[in-house]
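Let me begin by presenting the structure, written as structure tokens, before commenting on it.
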Amino acid sequence: MTVALLEIRELRKSYGEELVLRNISLSLAEHQVKVLIGASGSGKSTLLRCINLLEEIDDGQIVLDSQDITAEGVNPDGVRSKIGSVFQSFNLFPHLSVLENITLAPRYVHGVERHVAEEQARELLLRFGLAEKANQYPDLLSGGQQQRVAILRAVITKPKVLLLDEVTSALDPILIAEVLSLITELKNEGMTMMIATHEMGFAKQVADQVLFLHEGSICEVGSPIELLENPQTEKCREFLDALRHAGRL
Amino acid sequence: MSYSPSALRLQREAARHRASRHSTLIAVGSTLIIGIVLTIGITGAPGFQRVRESFFNIHYASSAFPHVLSGLWLNLRVMIIAEFFVLIFGLLIALARTSKSPVLFPVRLIATAYTDFFRGLPLLLVLFLVGFGIPGLQISWIPNSAVILGTVSLILTYSAYVAEVIRAGIEAVNPAQRMAARALGLTQTQAQRHVVLPQALRKVTPPLLNDLVSLQKDSGLISVLGAIDAIRAAGIETAQSFNFTPYLVAGALFVLLTVPLTRFTDWLTRRQDRARVQQGRW
């Protein structure tokens with residue numbers, strides 16, 4: 001049995017009175033891709049935000065690369081430097097060019113020299129068809145380009161795990177395809193990922209395993225085919241039916 | 001295939017041309033009318049000759065000019081030194097006020113009290129308190145030069161204004177920006193330095209420079225402490241001739257001094273927008 005790269009044990013998180021995550025346990029092996037699905041408010045984003053320590057957890061444990069990152073005294077900056085995060089709203093830095101956005105973390109967090117970081121960034125941009133955007137500012141790019149830049153910004157430091165939080169929710173279908181093909185390519189290169197998404201087709205395509213979250217707990221787990229085509233729980237069936245009605249499946 | 005403009009396009013262009021000529025005519029007409037009304041209204045006033053004599057006298061203007069100008073040199077030095085320190089202190093106070101570190105709690109408290117106090121206190125009172133109060137303490141190592149104490153007063157007051165402007169800028173940066181920076185592994189300080197502050201300062205460049213322009217003209221207030229600046233020099237001339245023209249000369253010079261900064265602000269704002277924002281007709 002392989003040792004899990006990321007292991008979550010009995011995680012519990014609430015915002016005041018409201019319990020958003022209850023008793024979440026899961027483990028993610030190296031090179032594995034897990035996709036979180038579920039209605040808005042089911043806790044997908046919160047779970048991802050707990051992993052990169054943007055949220056403080058109430059109970060349980062998160063172990064990354066054999067380090068308990070939820071232990072007292074752990075430096076969150078050090079943990080985050082090993083995790084890549086991409087958000088629904090891109091959050092590129094508007095005052096920095098594409099190249100500067102991508103090289104910020106290598107230069108200031110990982111101590112890579114400027115010209116080395118820029119060379120790596122240009123290489124990445126070239127590989128993903130964004131070479132001519134290197135010196136542009138984010139506001140002049142399309143949403144799909146912005147999100148692809150945001151993904152490259154997250155992977156340039158070779159994170160142990162990449163967290164993608166509904167990264168296509170703000171995009172139209174053509175732009176979604178651009179972004180998804182980039183993520184598929186990363187999977188083929190062996191990137192370990194946790195993905196929250198509403199794109200079921202994409203889930204089917206990249207997931208090694210799909211987790212259905214309902215009201216803060218993992219309600220059903222399975223291979224993409226199993227879970228999406230033959231859900232076992234009532235809740236999961238309802239969720240997929242709703243998506244089908246909305247024409248999203 | 002070669003393109004020839006459609007009749008529709010030609011028609012639209014002709015209409016736009018007519019509309020713009022129409023606007024020009026209206027602008028010229030209204031300017032003329034307002035100009036005439038103002039000229040008649042002012043020159044026709046019963047005291048116009050007297051006012052012209054005592055405020056717009058070429059003879060007194062030229063004789064006062066060199067004295068006022070050498071006074072202005074003092075204002076110029078005072079404003080540049082004050083601006084330098086105001087920007088540094090303003091930034092430090094704003095950073096202290098927006099920090100969340102528990103260690104800095106007392107600093108935050110002092111910074112808040114400081115801005116509350118000096119934004120509320122009239123500059124003239126600060127000048128009196130610092131300019132006359134501090135020498136009264138008779139502490140040997142504190143200089144009692146009117147220029148130095150006047151500059152200190154300007155710095156005290158304007159640092160409070162500028163700190164509030166910068167703080168507003170920091171708070172106007174979308175919190176998701178800081179979050180994204182932290183998610184990349186940047187420390188609190190690095191996120192502030194590389195992500196939040198640059199955006200904050202860009203947002204507040206116009207109001208910031210507005211405060212600097214205001215500081216420039218308020219440098220004339222150090223004359224109340226007896227420093228021979230442009231305004232005091234004009235006052236000395238006026239006291240000899242009982243003609244107010246020297247004050248007008250000083251006023252004109254102050255305006256001239258602030259114009260470059262104002263134009264610089266406009267230019268800076270335009271340049272920032274051009275590279276980063278979609279252009280269009282809106």
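Residue numbering restarts at 1 for every chain of the structure tokens, chains are lettered A, B, ... in their displayed order, and ligands are numbered from 1 as they appear.
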
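For Ala191 (chain B), the non-local neighbours within 8 Å, defined as residues at least 5 positions apart in the same chain or in other chains and counting only C-alpha atoms, are Arg178, Ala181, Arg182, Leu186 and Val196 of chain B.
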
Those residues with C-alpha atoms, as a PDB file, in the first residue's frame please?
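See out12.pdb below for the written result:
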ATOM      1  CA  ARG B 178      -4.207  39.212  -0.016  1.00  0.00           C
ATOM      2  CA  ALA B 181      -0.891  36.051  -2.121  1.00  0.00           C
ATOM      3  CA  ARG B 182      -0.916  34.152   1.183  1.00  0.00           C
ATOM      4  CA  LEU B 186       3.935  34.760   0.802  1.00  0.00           C
ATOM      5  CA  VAL B 196      -1.533  45.025  -1.386  1.00  0.00           C
TER       6      VAL B 196
END

- Message: Taking only C-alpha atoms into account, find every residue of chain A that has an atom no more than 9 Å from chain B, and write it out as a count of residues only.
- Response: 35

- Message: So that I can check the secondary structure, give me every residue of region 143-222 of chain A assigned alpha helix (DSSP H) by backbone DSSP, as a PyMOL selection string.
- Response: chain A and resi 143-155+173-188+200-206

- Which neighbours of Phe128 (chain A) fall inside 10 Å, counting only C-alpha atoms, when residues of the same chain fewer than 6 positions from it are skipped, and could you give them as a list in words? Arg122, Arg148, Val149, Leu152, Glu178, Ser181, Leu182 and Glu185 of chain A

- Query: Mind checking DSSP for region 4-179 of chain A and telling me the strand (DSSP E) residues as number ranges by chain?
  - Reply: A: 6-15, 18-28, 33-37, 59-64, 67-68, 83-86, 161-165

- Surrounding residues of Val167 (chain A) excluding itself and chain neighbours under 5 positions, 10 Å, only C-alpha atoms, as a list of chain:residue names: A:Val86, A:Phe87, A:Gln88, A:Ser89, A:Phe90, A:Gly144, A:Gln147, A:Arg148, A:Ala150, A:Ile151, A:Ile176, A:Val179, A:Leu180, A:Ile195, A:Ala196, A:Thr197, A:His198

- Near-Leu208 (chain B) list (7 Å; only C-alpha atoms; drop same-chain fewer than 3 positions) as a VMD selection string: chain B and resid 162 165 204 to 205 211 to 212

Output of the above residues as an mmCIF file, in the first residue's frame, restricted to C-alpha atoms:
data_model
loop_
_atom_site.group_PDB
_atom_site.id
_atom_site.type_symbol
_atom_site.label_atom_id
_atom_site.label_comp_id
_atom_site.auth_asym_id
_atom_site.auth_seq_id
_atom_site.Cartn_x
_atom_site.Cartn_y
_atom_site.Cartn_z
ATOM 1 C CA VAL B 162 -1.808 61.219 4.240
ATOM 2 C CA VAL B 165 -5.613 58.381 2.552
ATOM 3 C CA VAL B 204 -4.981 56.711 -3.931
ATOM 4 C CA THR B 205 -2.481 58.541 -6.130
ATOM 5 C CA ASP B 211 -2.887 66.464 -0.148
ATOM 6 C CA LEU B 212 0.629 67.290 -1.308
#

- With a distance cut-off of 12 Å and only C-alpha atoms, select the neighbouring residues of Ala252 (chain B), excluding the residue or stretch itself and same-chain residues fewer than 3 positions from it, and output the selection as number ranges by chain. B: 56, 61, 65, 68-69, 72, 217, 230-231, 234, 245-249, 255-259

- Contacts of Gly43 (chain A) within 10 Å, only C-alpha atoms, excl. fewer than 3 positions in-chain, as a list in words: Lys13, Leu19, Val20, Leu21, Arg22, Leu36, Ile37, Gly38, Ala39, Ser40, Thr46, Leu47, Leu48, Arg49, Ala196, Leu213, His214, Glu215, Gly216, Ser217 and Ile218 of chain A

Would you save the residues from that selection as an mmCIF file, in the first residue's frame, using C-alpha atoms?
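Resulting contents of part-v8.cif:
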data_model
loop_
_atom_site.group_PDB
_atom_site.id
_atom_site.type_symbol
_atom_site.label_atom_id
_atom_site.label_comp_id
_atom_site.auth_asym_id
_atom_site.auth_seq_id
_atom_site.Cartn_x
_atom_site.Cartn_y
_atom_site.Cartn_z
ATOM 1 C CA LYS A 13 -15.299 22.842 10.787
ATOM 2 C CA LEU A 19 -21.467 23.139 11.008
ATOM 3 C CA VAL A 20 -20.012 23.159 7.474
ATOM 4 C CA LEU A 21 -17.791 20.074 7.558
ATOM 5 C CA ARG A 22 -18.458 17.067 9.745
ATOM 6 C CA LEU A 36 -15.358 16.852 -5.097
ATOM 7 C CA ILE A 37 -18.907 17.335 -6.313
ATOM 8 C CA GLY A 38 -21.998 18.517 -4.497
ATOM 9 C CA ALA A 39 -24.422 21.399 -4.333
ATOM 10 C CA SER A 40 -23.247 24.906 -3.467
ATOM 11 C CA THR A 46 -14.359 25.033 2.688
ATOM 12 C CA LEU A 47 -12.632 21.661 2.592
ATOM 13 C CA LEU A 48 -10.079 22.967 0.072
ATOM 14 C CA ARG A 49 -9.590 26.136 2.113
ATOM 15 C CA ALA A 196 -14.078 20.996 -6.646
ATOM 16 C CA LEU A 213 -20.408 15.955 -0.507
ATOM 17 C CA HIS A 214 -23.755 16.622 1.071
ATOM 18 C CA GLU A 215 -24.287 19.020 3.964
ATOM 19 C CA GLY A 216 -20.685 18.855 5.042
ATOM 20 C CA SER A 217 -20.039 15.156 4.940
ATOM 21 C CA ILE A 218 -18.810 12.731 2.326
#

- Item | CA of Cys236 (chain A) to CA of Glu220 (chain A), distance in Å rounded to a single decimal |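 Computing it gives 7.2 Å between the two atoms.
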